[in-house]
file query_4.cif (mmCIF, C-alpha atoms)
data_my_file
loop_
_atom_site.label_atom_id
_atom_site.label_comp_id
_atom_site.auth_asym_id
_atom_site.auth_seq_id
_atom_site.Cartn_x
_atom_site.Cartn_y
_atom_site.Cartn_z
CA MET A 1 24.73 -129.86 -108.34
CA SER A 2 26.22 -129.38 -104.89
CA GLU A 3 25.28 -127.02 -102.11
CA PRO A 4 28.04 -124.63 -101.08
CA LYS A 5 28.15 -123.01 -97.65
CA THR A 6 26.00 -120.14 -98.79
CA GLY A 7 23.15 -122.54 -99.55
CA LYS A 8 23.11 -121.47 -103.19
CA PRO A 9 23.23 -124.40 -105.67
CA GLU A 10 26.30 -124.43 -107.89
CA VAL A 11 25.62 -124.37 -111.62
CA ASP A 12 27.86 -125.62 -114.42
CA GLN A 13 28.55 -123.43 -117.44
CA ARG A 14 26.50 -125.64 -119.77
CA THR A 15 23.38 -125.10 -117.66
CA VAL A 16 24.02 -121.35 -117.55
CA LYS A 17 24.21 -121.23 -121.34
CA ARG A 18 20.97 -123.22 -121.66
CA ALA A 19 19.26 -120.81 -119.26
CA VAL A 20 20.48 -117.82 -121.27
CA ILE A 21 19.23 -119.29 -124.57
CA ALA A 22 15.85 -120.24 -123.07
CA SER A 23 15.41 -116.71 -121.69
CA ALA A 24 16.45 -115.02 -124.95
CA MET A 25 13.95 -117.13 -126.90
CA GLY A 26 11.08 -115.45 -125.07
CA ASN A 27 12.41 -112.03 -125.96
CA ALA A 28 12.82 -113.20 -129.55
CA THR A 29 9.18 -114.31 -129.59
CA GLU A 30 8.00 -110.97 -128.24
CA TRP A 31 10.03 -108.93 -130.72
CA TYR A 32 9.29 -111.20 -133.66
CA ASP A 33 5.70 -110.08 -133.15
CA TYR A 34 6.74 -106.40 -133.17
CA GLY A 35 8.97 -106.94 -136.20
CA VAL A 36 6.07 -108.40 -138.17
CA PHE A 37 3.45 -105.97 -136.91
CA THR A 38 5.42 -102.79 -137.58
CA SER A 39 6.85 -103.63 -140.99
CA GLY A 40 5.45 -101.31 -143.63
CA ALA A 41 3.67 -103.99 -145.65
CA ILE A 42 1.97 -105.68 -142.68
CA ALA A 43 1.05 -102.37 -140.99
CA THR A 44 -0.71 -101.26 -144.17
CA SER A 45 -2.48 -104.62 -144.58
CA ILE A 46 -3.71 -104.81 -140.97
CA GLY A 47 -4.94 -101.23 -140.99
CA THR A 48 -6.78 -101.72 -144.28
CA LEU A 49 -8.19 -105.23 -143.75
CA PHE A 50 -9.34 -104.89 -140.15
CA PHE A 51 -10.09 -101.16 -139.91
CA PRO A 52 -11.39 -100.04 -143.31
CA GLY A 53 -12.50 -96.48 -143.95
CA GLU A 54 -10.83 -93.11 -143.93
CA GLY A 55 -7.59 -92.44 -142.11
CA ASN A 56 -3.95 -93.51 -142.22
CA ALA A 57 -3.81 -97.32 -142.33
CA VAL A 58 -0.31 -97.41 -140.80
CA LEU A 59 -1.37 -95.14 -137.94
CA LYS A 60 -4.32 -97.45 -137.26
CA SER A 61 -1.94 -100.42 -136.98
CA LEU A 62 0.41 -98.52 -134.68
CA ALA A 63 -2.57 -97.55 -132.51
CA LEU A 64 -3.57 -101.22 -132.33
CA LEU A 65 -0.03 -102.08 -131.27
CA ALA A 66 -0.15 -99.34 -128.63
CA VAL A 67 -3.40 -100.75 -127.19
CA GLY A 68 -1.54 -103.89 -126.15
CA PHE A 69 0.76 -101.75 -124.05
CA ILE A 70 -2.13 -100.46 -121.95
CA VAL A 71 -2.44 -103.82 -120.19
CA ARG A 72 1.30 -104.50 -119.85
CA PRO A 73 1.53 -102.98 -116.33
CA PHE A 74 -1.35 -105.22 -115.23
CA GLY A 75 0.47 -108.21 -116.69
CA GLY A 76 3.63 -107.17 -114.87
CA ALA A 77 1.72 -106.71 -111.61
CA PHE A 78 0.17 -110.17 -112.04
CA PHE A 79 3.01 -112.30 -113.38
CA GLY A 80 5.89 -110.54 -111.56
CA PRO A 81 4.81 -111.19 -107.95
CA LEU A 82 3.58 -114.63 -109.08
CA GLY A 83 7.12 -115.37 -110.27
CA ASP A 84 8.48 -114.31 -106.88
CA LYS A 85 6.02 -116.63 -105.15
CA LEU A 86 5.88 -119.71 -107.40
CA GLY A 87 9.19 -119.45 -109.23
CA ARG A 88 10.55 -117.87 -112.39
CA GLN A 89 10.50 -120.99 -114.58
CA LYS A 90 6.80 -121.78 -114.21
CA VAL A 91 5.66 -118.24 -115.01
CA LEU A 92 8.01 -117.87 -117.98
CA ALA A 93 6.67 -121.08 -119.51
CA LEU A 94 3.17 -119.60 -119.42
CA THR A 95 4.11 -116.18 -120.82
CA ILE A 96 5.91 -117.52 -123.89
CA LEU A 97 2.98 -119.82 -124.63
CA LEU A 98 0.49 -116.95 -124.50
CA MET A 99 2.67 -114.58 -126.54
CA SER A 100 3.33 -116.96 -129.41
CA GLY A 101 -0.24 -118.26 -129.41
CA CYS A 102 -1.76 -114.78 -129.73
CA THR A 103 0.57 -113.82 -132.58
CA PHE A 104 -0.30 -117.05 -134.40
CA LEU A 105 -4.04 -116.49 -133.97
CA VAL A 106 -3.84 -113.07 -135.65
CA GLY A 107 -2.82 -114.98 -138.78
CA VAL A 108 -5.98 -117.08 -138.78
CA LEU A 109 -8.47 -114.29 -138.04
CA PRO A 110 -11.13 -113.46 -140.66
CA THR A 111 -10.94 -109.84 -141.83
CA TYR A 112 -13.58 -107.10 -141.78
CA SER A 113 -14.83 -107.80 -145.32
CA GLY A 114 -14.16 -110.07 -148.28
CA GLY A 115 -14.60 -113.79 -148.86
CA TYR A 116 -13.24 -114.78 -145.43
CA SER A 117 -14.73 -112.10 -143.19
CA MET A 118 -16.60 -111.48 -139.93
CA GLY A 119 -17.53 -107.80 -140.10
CA ILE A 120 -17.29 -105.72 -136.96
CA ALA A 121 -16.22 -108.81 -134.99
CA ALA A 122 -12.88 -108.79 -136.85
CA PRO A 123 -11.44 -105.60 -135.31
CA ILE A 124 -12.83 -106.62 -131.91
CA ALA A 125 -11.15 -110.02 -132.15
CA ILE A 126 -7.76 -108.64 -133.14
CA LEU A 127 -8.04 -106.05 -130.38
CA LEU A 128 -8.66 -108.80 -127.80
CA LEU A 129 -5.68 -110.79 -129.05
CA ARG A 130 -3.46 -107.73 -128.77
CA LEU A 131 -4.68 -107.18 -125.20
CA ILE A 132 -3.93 -110.77 -124.20
CA GLN A 133 -0.57 -110.59 -125.95
CA GLY A 134 0.27 -107.35 -124.13
CA PHE A 135 -0.83 -108.79 -120.77
CA SER A 136 1.40 -111.85 -121.16
CA THR A 137 4.31 -109.75 -122.45
CA GLY A 138 4.08 -107.79 -119.20
CA GLY A 139 5.41 -110.84 -117.37
CA GLU A 140 8.04 -111.84 -119.91
CA TYR A 141 10.96 -109.40 -119.99
CA GLY A 142 11.38 -108.92 -116.24
CA GLY A 143 11.26 -112.66 -115.71
CA ALA A 144 13.67 -113.46 -118.52
CA ALA A 145 16.20 -110.87 -117.33
CA THR A 146 15.86 -112.12 -113.76
CA PHE A 147 16.33 -115.71 -114.92
CA ILE A 148 19.63 -114.87 -116.65
CA ALA A 149 20.91 -112.63 -113.85
CA GLU A 150 20.24 -115.28 -111.20
CA TYR A 151 21.96 -118.00 -113.23
CA ALA A 152 24.98 -115.97 -114.41
CA PRO A 153 28.28 -115.81 -112.48
CA THR A 154 28.84 -112.43 -110.83
CA LYS A 155 31.89 -111.50 -112.89
CA ARG A 156 30.14 -112.38 -116.17
CA ARG A 157 26.63 -111.10 -115.50
CA GLY A 158 27.05 -108.30 -118.05
CA PHE A 159 28.29 -110.73 -120.69
CA PHE A 160 25.43 -113.19 -120.24
CA GLY A 161 22.85 -110.45 -119.68
CA SER A 162 23.61 -108.96 -123.11
CA PHE A 163 22.27 -112.13 -124.74
CA LEU A 164 18.76 -111.14 -123.68
CA GLU A 165 18.82 -108.23 -126.11
CA MET A 166 20.38 -110.49 -128.73
CA GLY A 167 17.00 -112.22 -128.55
CA THR A 168 15.29 -108.85 -129.07
CA LEU A 169 17.26 -108.05 -132.20
CA ALA A 170 17.16 -111.60 -133.55
CA GLY A 171 13.38 -111.73 -133.16
CA TYR A 172 12.85 -108.32 -134.70
CA VAL A 173 15.18 -108.97 -137.64
CA LEU A 174 13.54 -112.35 -138.22
CA GLY A 175 10.10 -110.72 -138.19
CA ASN A 176 11.14 -108.03 -140.66
CA ALA A 177 12.99 -110.51 -142.87
CA THR A 178 10.02 -112.88 -142.94
CA VAL A 179 7.70 -110.10 -144.08
CA LEU A 180 10.24 -108.91 -146.65
CA ILE A 181 10.76 -112.39 -148.14
CA THR A 182 7.02 -113.07 -148.19
CA SER A 183 6.17 -109.76 -149.87
CA LEU A 184 8.91 -110.17 -152.49
CA SER A 185 7.81 -113.74 -153.24
CA LEU A 186 4.17 -112.84 -153.90
CA THR A 187 2.31 -110.36 -156.01
CA THR A 188 0.69 -107.39 -154.28
CA GLU A 189 -2.73 -108.98 -154.75
CA GLN A 190 -1.59 -112.31 -153.26
CA PHE A 191 0.06 -110.63 -150.28
CA ASP A 192 -2.97 -108.47 -149.50
CA SER A 193 -5.31 -111.44 -149.95
CA TRP A 194 -3.59 -114.14 -147.87
CA GLY A 195 0.20 -113.71 -147.88
CA TRP A 196 0.18 -111.29 -144.92
CA ARG A 197 -0.89 -114.22 -142.72
CA ILE A 198 2.28 -116.27 -143.27
CA PRO A 199 4.60 -114.29 -140.93
CA PHE A 200 2.10 -114.62 -138.07
CA PHE A 201 2.00 -118.42 -138.45
CA ILE A 202 5.74 -118.72 -137.85
CA ALA A 203 5.39 -117.34 -134.29
CA LEU A 204 3.95 -120.68 -133.12
CA PRO A 205 7.03 -122.86 -133.77
CA ILE A 206 9.30 -120.13 -132.36
CA GLY A 207 7.28 -120.11 -129.15
CA ALA A 208 7.19 -123.92 -129.05
CA ILE A 209 10.98 -124.11 -129.15
CA GLY A 210 11.25 -121.56 -126.34
CA LEU A 211 8.68 -123.41 -124.25
CA TYR A 212 10.56 -126.69 -124.70
CA LEU A 213 13.86 -125.13 -123.65
CA ARG A 214 12.34 -123.51 -120.58
CA SER A 215 10.54 -126.65 -119.49
CA LYS A 216 13.86 -128.54 -119.37
CA LEU A 217 15.44 -126.18 -116.83
CA GLU A 218 15.21 -126.02 -113.06
CA ASP A 219 14.38 -122.72 -111.43
CA THR A 220 17.23 -120.31 -110.80
CA PRO A 221 19.84 -121.17 -108.14
CA GLU A 222 19.04 -117.92 -106.34
CA PHE A 223 15.30 -118.65 -106.15
CA ARG A 224 16.01 -122.21 -104.96
CA ARG A 225 18.37 -120.83 -102.29
CA LEU A 226 15.65 -118.47 -101.08
CA GLU A 227 13.07 -121.25 -101.17
CA ALA A 228 15.30 -123.63 -99.19
CA ALA A 229 15.89 -120.93 -96.58
CA GLY A 230 12.14 -120.28 -96.29
CA GLU A 231 12.59 -116.64 -97.31
CA LYS A 232 10.68 -116.43 -100.59
CA ALA A 233 7.68 -114.12 -100.94
CA GLU A 234 4.50 -115.78 -99.72
CA LYS A 235 1.23 -114.01 -98.91
CA ALA A 236 1.21 -110.54 -100.48
CA PRO A 237 4.30 -110.08 -102.67
CA LEU A 238 2.68 -107.24 -104.64
CA LYS A 239 2.17 -105.14 -101.51
CA GLU A 240 5.67 -105.88 -100.23
CA THR A 241 7.15 -105.15 -103.65
CA ILE A 242 5.70 -101.65 -103.83
CA GLN A 243 6.03 -100.67 -100.16
CA ARG A 244 9.71 -101.58 -99.78
CA ASN A 245 11.04 -100.83 -103.26
CA TRP A 246 9.08 -97.89 -104.63
CA ARG A 247 12.09 -95.56 -104.78
CA MET A 248 14.13 -97.96 -106.89
CA ILE A 249 11.08 -98.74 -109.02
CA LEU A 250 10.85 -95.01 -109.81
CA ASN A 251 14.53 -95.02 -110.81
CA LEU A 252 13.85 -97.98 -113.06
CA ILE A 253 10.89 -96.21 -114.68
CA GLY A 254 13.08 -93.20 -115.47
CA ILE A 255 15.81 -95.27 -117.15
CA VAL A 256 13.38 -97.52 -119.01
CA LEU A 257 11.72 -94.36 -120.36
CA LEU A 258 14.85 -93.65 -122.43
CA VAL A 259 15.55 -97.29 -123.29
CA ASN A 260 12.08 -97.90 -124.65
CA ILE A 261 11.55 -94.58 -126.39
CA ALA A 262 14.85 -95.16 -128.19
CA ASP A 263 14.07 -98.83 -128.81
CA TYR A 264 10.53 -98.36 -130.06
CA MET A 265 11.56 -95.24 -131.99
CA LEU A 266 14.07 -97.25 -134.00
CA LEU A 267 12.17 -100.50 -134.26
CA THR A 268 8.50 -99.54 -134.50
CA THR A 269 8.38 -95.86 -135.48
CA MET A 270 11.22 -95.56 -137.99
CA PRO A 271 9.79 -98.09 -140.48
CA SER A 272 6.73 -95.88 -141.01
CA TYR A 273 8.85 -92.69 -140.69
CA PHE A 274 11.02 -93.89 -143.57
CA THR A 275 8.08 -94.85 -145.78
CA ASP A 276 5.53 -92.14 -144.93
CA THR A 277 7.70 -89.12 -144.06
CA LEU A 278 10.91 -89.72 -146.01
CA LYS A 279 9.11 -91.52 -148.87
CA ILE A 280 11.41 -94.55 -148.99
CA GLY A 281 10.01 -97.83 -150.33
CA ASP A 282 9.07 -100.69 -148.01
CA THR A 283 11.87 -102.91 -149.33
CA GLU A 284 14.61 -100.27 -148.92
CA SER A 285 13.30 -99.36 -145.47
CA SER A 286 13.35 -102.99 -144.30
CA LEU A 287 16.86 -103.57 -145.67
CA ILE A 288 18.23 -100.46 -143.93
CA ILE A 289 16.68 -101.43 -140.59
CA ILE A 290 17.83 -105.04 -140.84
CA GLY A 291 21.37 -103.98 -141.79
CA VAL A 292 21.70 -101.48 -138.94
CA GLU A 293 20.31 -103.99 -136.47
CA MET A 294 22.95 -106.49 -137.53
CA VAL A 295 25.54 -103.88 -136.49
CA GLN A 296 23.82 -103.61 -133.10
CA PHE A 297 23.77 -107.39 -132.93
CA ALA A 298 27.55 -107.51 -133.34
CA LEU A 299 28.11 -104.86 -130.62
CA LEU A 300 25.96 -106.21 -127.78
CA ILE A 301 28.12 -109.03 -126.46
CA PRO A 302 31.43 -107.08 -126.51
CA LEU A 303 29.70 -104.17 -124.77
CA GLY A 304 28.14 -106.48 -122.19
CA ALA A 305 31.55 -108.00 -121.47
CA LEU A 306 33.07 -104.51 -121.25
CA SER A 307 30.52 -103.58 -118.58
CA ASP A 308 31.81 -106.43 -116.41
CA ARG A 309 35.18 -104.66 -116.37
CA ILE A 310 34.33 -100.95 -116.23
CA GLY A 311 30.77 -101.05 -114.84
CA ARG A 312 27.28 -100.53 -116.26
CA LYS A 313 26.89 -96.84 -115.43
CA PRO A 314 29.66 -95.51 -117.71
CA LEU A 315 27.95 -97.09 -120.73
CA MET A 316 24.51 -95.82 -119.74
CA LEU A 317 25.76 -92.29 -119.09
CA THR A 318 27.56 -92.24 -122.44
CA ALA A 319 24.35 -93.29 -124.17
CA ALA A 320 22.16 -90.71 -122.40
CA ILE A 321 24.55 -87.84 -123.11
CA GLY A 322 24.95 -89.08 -126.68
CA PHE A 323 21.19 -88.97 -127.26
CA ILE A 324 21.04 -85.40 -125.94
CA VAL A 325 23.85 -84.21 -128.21
CA LEU A 326 23.44 -86.36 -131.35
CA SER A 327 19.72 -87.09 -131.81
CA TRP A 328 18.90 -83.89 -133.73
CA PRO A 329 21.97 -84.03 -136.03
CA SER A 330 21.20 -87.70 -136.74
CA ILE A 331 17.60 -86.98 -137.75
CA LYS A 332 18.75 -84.11 -139.97
CA LEU A 333 21.17 -86.48 -141.71
CA MET A 334 18.27 -88.86 -142.39
CA GLN A 335 16.33 -86.00 -144.00
CA THR A 336 19.03 -84.96 -146.50
CA GLY A 337 17.65 -87.15 -149.27
CA SER A 338 20.90 -89.10 -149.47
CA LEU A 339 20.59 -92.81 -148.73
CA LEU A 340 24.15 -92.90 -147.39
CA TRP A 341 23.57 -90.05 -144.92
CA LEU A 342 20.27 -91.61 -143.88
CA ILE A 343 22.05 -94.86 -143.01
CA ILE A 344 24.79 -92.98 -141.11
CA GLY A 345 22.26 -90.94 -139.12
CA PHE A 346 20.23 -94.02 -138.28
CA LEU A 347 23.39 -95.93 -137.34
CA VAL A 348 24.51 -93.24 -134.86
CA VAL A 349 21.25 -93.50 -132.92
CA ALA A 350 21.33 -97.31 -133.14
CA ILE A 351 24.84 -97.48 -131.65
CA LEU A 352 23.79 -95.24 -128.75
CA LEU A 353 20.86 -97.57 -128.14
CA ALA A 354 23.22 -100.57 -128.24
CA LEU A 355 25.15 -99.08 -125.30
CA LEU A 356 21.95 -99.27 -123.25
CA LEU A 357 20.68 -102.59 -124.53
CA ALA A 358 23.98 -104.30 -123.75
CA VAL A 359 23.70 -103.60 -120.00
CA ILE A 360 20.02 -103.41 -119.06
CA GLY A 361 19.71 -107.20 -118.77
CA SER A 362 22.37 -107.17 -116.05
CA THR A 363 21.57 -103.77 -114.51
CA PHE A 364 17.82 -103.89 -113.94
CA PRO A 365 17.54 -107.22 -112.03
CA ALA A 366 20.43 -106.13 -109.79
CA MET A 367 18.46 -103.08 -108.68
CA PHE A 368 16.20 -105.25 -106.48
CA PRO A 369 16.51 -107.96 -103.81
CA THR A 370 15.80 -111.57 -104.80
CA ARG A 371 12.66 -111.86 -102.70
CA VAL A 372 10.76 -109.35 -104.85
CA ARG A 373 13.09 -109.02 -107.85
CA TYR A 374 10.77 -110.36 -110.56
CA GLY A 375 7.79 -108.32 -109.37
CA SER A 376 9.67 -105.06 -108.82
CA PHE A 377 11.34 -105.29 -112.20
CA ALA A 378 8.15 -106.28 -114.04
CA ILE A 379 6.03 -103.53 -112.48
CA GLY A 380 8.49 -100.68 -113.02
CA TYR A 381 9.54 -101.83 -116.48
CA ASN A 382 6.01 -102.27 -117.79
CA ILE A 383 4.59 -99.05 -116.36
CA SER A 384 7.34 -97.15 -118.17
CA THR A 385 7.01 -99.23 -121.33
CA SER A 386 3.25 -98.75 -121.41
CA LEU A 387 3.35 -95.00 -120.86
CA PHE A 388 6.32 -94.11 -123.03
CA GLY A 389 7.44 -97.00 -125.24
CA GLY A 390 4.14 -98.33 -126.51
CA THR A 391 2.77 -94.87 -127.26
CA CYS A 392 5.95 -93.63 -128.95
CA GLY A 393 4.99 -94.54 -132.51
CA VAL A 394 1.47 -93.11 -132.29
CA ILE A 395 2.52 -89.85 -130.60
CA VAL A 396 5.50 -89.12 -132.83
CA THR A 397 3.60 -89.99 -136.01
CA ALA A 398 0.63 -87.85 -134.91
CA LEU A 399 2.92 -84.91 -134.02
CA ILE A 400 4.60 -85.08 -137.42
CA ASP A 401 1.22 -85.25 -139.19
CA SER A 402 -0.30 -82.37 -137.20
CA THR A 403 2.67 -79.98 -137.24
CA GLY A 404 4.41 -80.93 -140.46
CA ASN A 405 7.70 -80.94 -138.51
CA ALA A 406 9.75 -84.07 -139.28
CA ASP A 407 12.16 -83.42 -136.37
CA TRP A 408 9.87 -84.78 -133.65
CA PRO A 409 11.74 -88.11 -133.30
CA ALA A 410 14.84 -86.12 -132.25
CA TYR A 411 12.93 -83.92 -129.78
CA TYR A 412 11.36 -86.99 -128.19
CA LEU A 413 14.72 -88.74 -127.78
CA ILE A 414 16.39 -85.65 -126.29
CA ALA A 415 13.62 -85.17 -123.71
CA ALA A 416 13.80 -88.85 -122.72
CA ALA A 417 17.57 -88.72 -122.30
CA LEU A 418 17.40 -85.60 -120.11
CA ILE A 419 14.93 -87.33 -117.80
CA ALA A 420 16.90 -90.60 -117.67
CA LEU A 421 20.15 -88.90 -116.70
CA VAL A 422 18.91 -88.36 -113.13
CA PRO A 423 18.16 -92.00 -112.19
CA ILE A 424 21.24 -93.25 -114.08
CA ILE A 425 23.39 -91.05 -111.85
CA LYS A 426 21.46 -92.05 -108.69
CA ILE A 427 21.48 -95.85 -108.98
CA PRO A 428 24.38 -97.80 -107.45
CA GLU A 429 26.96 -99.62 -109.57
CA THR A 430 26.27 -103.37 -109.47
CA ALA A 431 28.88 -104.81 -111.82
CA GLN A 432 30.86 -106.69 -109.15
CA VAL A 433 28.11 -107.25 -106.58
CA PRO A 434 26.93 -110.89 -106.12
CA ILE A 435 23.22 -111.14 -106.89
CA GLU A 436 22.47 -112.80 -103.53
CA GLN A 437 23.95 -109.84 -101.63
CA ILE A 438 21.70 -107.24 -103.19
CA ASP A 439 19.05 -105.75 -100.93
CA THR A 440 18.42 -102.13 -101.89
CA ALA A 441 15.01 -101.93 -100.19
CA ASP A 442 14.93 -98.97 -97.81
CA THR A 443 18.74 -98.68 -97.88
CA GLY A 444 19.07 -95.68 -100.17
CA GLY A 445 20.59 -97.83 -102.92
CA LYS A 446 23.30 -99.38 -100.74
CA PHE A 447 23.93 -103.12 -100.71
CA VAL A 448 23.34 -105.21 -97.62
CA GLY A 449 26.33 -107.45 -97.07
CA ALA A 450 27.96 -106.39 -100.30
CA GLY A 451 30.91 -104.70 -98.76
CA LYS A 452 30.20 -101.49 -100.71
#
call {"tool": "encode", "arguments": {"input": "query_4.cif", "output": "structure tokens"}}
result
Amino acid sequence: MSEPKTGKPEVDQRTVKRAVIASAMGNATEWYDYGVFTSGAIATSIGTLFFPGEGNAVLKSLALLAVGFIVRPFGGAFFGPLGDKLGRQKVLALTILLMSGCTFLVGVLPTYSGGYSMGIAAPIAILLLRLIQGFSTGGEYGGAATFIAEYAPTKRRGFFGSFLEMGTLAGYVLGNATVLITSLSLTTEQFDSWGWRIPFFIALPIGAIGLYLRSKLEDTPEFRRLEAAGEKAEKAPLKETIQRNWRMILNLIGIVLLVNIADYMLLTTMPSYFTDTLKIGDTESSLIIIGVEMVQFALLIPLGALSDRIGRKPLMLTAAIGFIVLSWPSIKLMQTGSLLWLIIGFLVVAILLALLLAVIGSTFPAMFPTRVRYGSFAIGYNISTSLFGGTCGVIVTALIDSTGNADWPAYYLIAAALIALVPIIKIPETAQVPIEQIDTADTGGKFVGAGK
């Protein structure tokens, strides 16, 4: 690698591709966990085996999943500024190790009762693992997106950034598919007895592959440029992050609110909505979700490349307006009792989400200057995810149960889209702005040295 006049190391395309794959693997590990945990069969097993007694077993599992989101902002506040101080690569190696390890350990935990049991210690142990998993996840997404954005060429940042969400969908589909194959291969008694553990075991090799890939890469060219110039964050990056970037962090929170409510609505709430509210079997529900996600999978890269040409904001605005107008009709289609209309309604919402997912990996890192990019992103993203994404399944399911109104998923999406419209309109367009020229701190969203 040579040093150009800007001081930023040049990177060949092969290294960029390796960086993108290594980053996406962490997202795949995170969402493999969600895919396993929220599938109908596993959610029922976890709720029954670790939290016996009266109450909805699926709701208990969703509540356990939501608990992990409580600590995500703390993980973001810890790992994000640490990544700005020590480097992205070191922190990302640690987060993927913790995420995959915690998912694996759920598979070896004794249950509340039975032959292999530990009584009240069982729910406490799984709760602790979910807290550790949530804490480490708080440092993952912001770092992975930053890693890709700082490696990618300016004119292809949208294209490469879209691969991050390819990791999301790949991990989630793999998690769902693993549970589906395991449940179909075993009897109900075998699955409830020991088969539910198998999907959790697979998280360890997935994480090991990601860790290996990340350990073979240098830190990002942009971080190394900052380090060589003596400009990286040193003593109190958390304080600097909040003081100089709080306005843009608030904008990020508002946009992430829609992204994660839509994301977690489709990926963690809809499985139980299909089975509990619409009375569709676990197998049919899993197949519908996997099939629709494959459509999203096919759309992400073309949409990411499109954003390099027309900008990120047109896609985000289209998605937000689409959620406002189409969420309620889509939910009503799902409720008709027709499998075809259900798939069409679900697909409409999924395509709107794909418009957002295709560009957030390139949009969010470019909202902040390099010096505090990881920390600003991680803090804003995880506060919003914790408050609105992680609680989505529990709140929507509880509202449906308490009111008997099955339209709550639509109302929730519409409200989120109305809120997100404001920050989407306010943020600057970053599609053609070099990552090293971005400094939106205290500039009202304008770029220092960007010529815009």
call {"tool": "closest_atom_pairs", "arguments": {"input": "query_4.cif", "of": "stretch 243-288 of chain A", "to": "stretch 67-83 of chain A", "cutoff": "12 Å", "atoms": "only C-alpha atoms", "output": "JSON lines"}}
result
{"residue": "A:Ile253", "atom": "CA", "partner": "A:Pro73", "partner_atom": "CA", "distance": 11.7}
{"residue": "A:Asn260", "atom": "CA", "partner": "A:Phe69", "partner_atom": "CA", "distance": 12.0}
{"residue": "A:Tyr264", "atom": "CA", "partner": "A:Phe69", "partner_atom": "CA", "distance": 12.0}
call {"tool": "residues_around", "arguments": {"input": "query_4.cif", "residues": "A:Ser61", "least_positions_apart": "4", "cutoff": "8 Å", "atoms": "all atoms listed in the file", "output": "MDAnalysis selection string"}}
result
chainID A and resid 37:38 43:44 46:47 57 65
call {"tool": "residues_around", "arguments": {"input": "query_4.cif", "residues": "A:Ile96", "least_positions_apart": "2", "cutoff": "7 Å", "atoms": "all atoms listed in the file", "output": "JSON, numbers by chain"}}
result
{"A": [26, 92, 93, 94, 98, 99, 100, 207, 211]}
call {"tool": "write_last_selection", "arguments": {"input": "query_4.cif", "atoms": "C-alpha atoms", "output": "PDB file, in the coordinates of the input"}}
result
ATOM      1  CA  GLY A  26      11.080-115.450-125.070  1.00  0.00           C
ATOM      2  CA  LEU A  92       8.010-117.870-117.980  1.00  0.00           C
ATOM      3  CA  ALA A  93       6.670-121.080-119.510  1.00  0.00           C
ATOM      4  CA  LEU A  94       3.170-119.600-119.420  1.00  0.00           C
ATOM      5  CA  LEU A  98       0.490-116.950-124.500  1.00  0.00           C
ATOM      6  CA  MET A  99       2.670-114.580-126.540  1.00  0.00           C
ATOM      7  CA  SER A 100       3.330-116.960-129.410  1.00  0.00           C
ATOM      8  CA  GLY A 207       7.280-120.110-129.150  1.00  0.00           C
ATOM      9  CA  LEU A 211       8.680-123.410-124.250  1.00  0.00           C
TER      10      LEU A 211
END
call {"tool": "residues_around", "arguments": {"input": "query_4.cif", "residues": "A:Ser23", "least_positions_apart": "5", "cutoff": "7 Å", "atoms": "only C-alpha atoms", "output": "PyMOL selection string"}}
result
chain A and resi 144+147-148+164
call {"tool": "closest_residue", "arguments": {"input": "query_4.cif", "among": "A:Phe388, A:Tyr374, A:Tyr151, A:Phe159", "to": "A:Ile255", "atoms": "only C-alpha atoms"}}
result
A:Phe388
call {"tool": "atom_distance", "arguments": {"input": "query_4.cif", "atom1": "atom CA of A:Thr241", "atom2": "atom CA of A:Leu355"}}
result
28.8 Å
call {"tool": "closest_residue", "arguments": {"input": "query_4.cif", "among": "A:Leu267, A:Asn56, A:Leu347, A:Arg14", "to": "A:Ala152", "atoms": "only C-alpha atoms"}}
result
A:Arg14
call {"tool": "residues_near_point", "arguments": {"input": "query_4.cif", "point": "(21.1, -95.6, -108.1)", "cutoff": "8 Å", "atoms": "all atoms listed in the file", "output": "PDB file with C-alpha atoms, keeping the file's coordinate frame"}}
result
ATOM      1  CA  MET A 248      14.130 -97.960-106.890  1.00  0.00           C
ATOM      2  CA  ASN A 251      14.530 -95.020-110.810  1.00  0.00           C
ATOM      3  CA  MET A 367      18.460-103.080-108.680  1.00  0.00           C
ATOM      4  CA  PRO A 423      18.160 -92.000-112.190  1.00  0.00           C
ATOM      5  CA  ILE A 424      21.240 -93.250-114.080  1.00  0.00           C
ATOM      6  CA  ILE A 425      23.390 -91.050-111.850  1.00  0.00           C
ATOM      7  CA  LYS A 426      21.460 -92.050-108.690  1.00  0.00           C
ATOM      8  CA  ILE A 427      21.480 -95.850-108.980  1.00  0.00           C
ATOM      9  CA  PRO A 428      24.380 -97.800-107.450  1.00  0.00           C
ATOM     10  CA  GLU A 429      26.960 -99.620-109.570  1.00  0.00           C
ATOM     11  CA  GLY A 445      20.590 -97.830-102.920  1.00  0.00           C
TER      12      GLY A 445
END
call {"tool": "resolve_selection", "arguments": {"input": "query_4.cif", "expression": "the PyMOL selection byres ((chain A and resi 106) around 10)", "output": "compact mmCIF listing (two decimals) with C-alpha atoms, keeping the file's coordinate frame"}}
result
# COMPACT_ATOMS: atom_id res chain seq x y z
CA ILE A 46 -3.71 -104.81 -140.97
CA GLY A 101 -0.24 -118.26 -129.41
CA CYS A 102 -1.76 -114.78 -129.73
CA THR A 103 0.57 -113.82 -132.58
CA PHE A 104 -0.30 -117.05 -134.40
CA LEU A 105 -4.04 -116.49 -133.97
CA GLY A 107 -2.82 -114.98 -138.78
CA VAL A 108 -5.98 -117.08 -138.78
CA LEU A 109 -8.47 -114.29 -138.04
CA PRO A 110 -11.13 -113.46 -140.66
CA THR A 111 -10.94 -109.84 -141.83
CA ALA A 125 -11.15 -110.02 -132.15
CA ILE A 126 -7.76 -108.64 -133.14
CA LEU A 127 -8.04 -106.05 -130.38
CA LEU A 129 -5.68 -110.79 -129.05
CA ARG A 130 -3.46 -107.73 -128.77
CA ARG A 197 -0.89 -114.22 -142.72
CA PHE A 200 2.10 -114.62 -138.07
CA PHE A 201 2.00 -118.42 -138.45
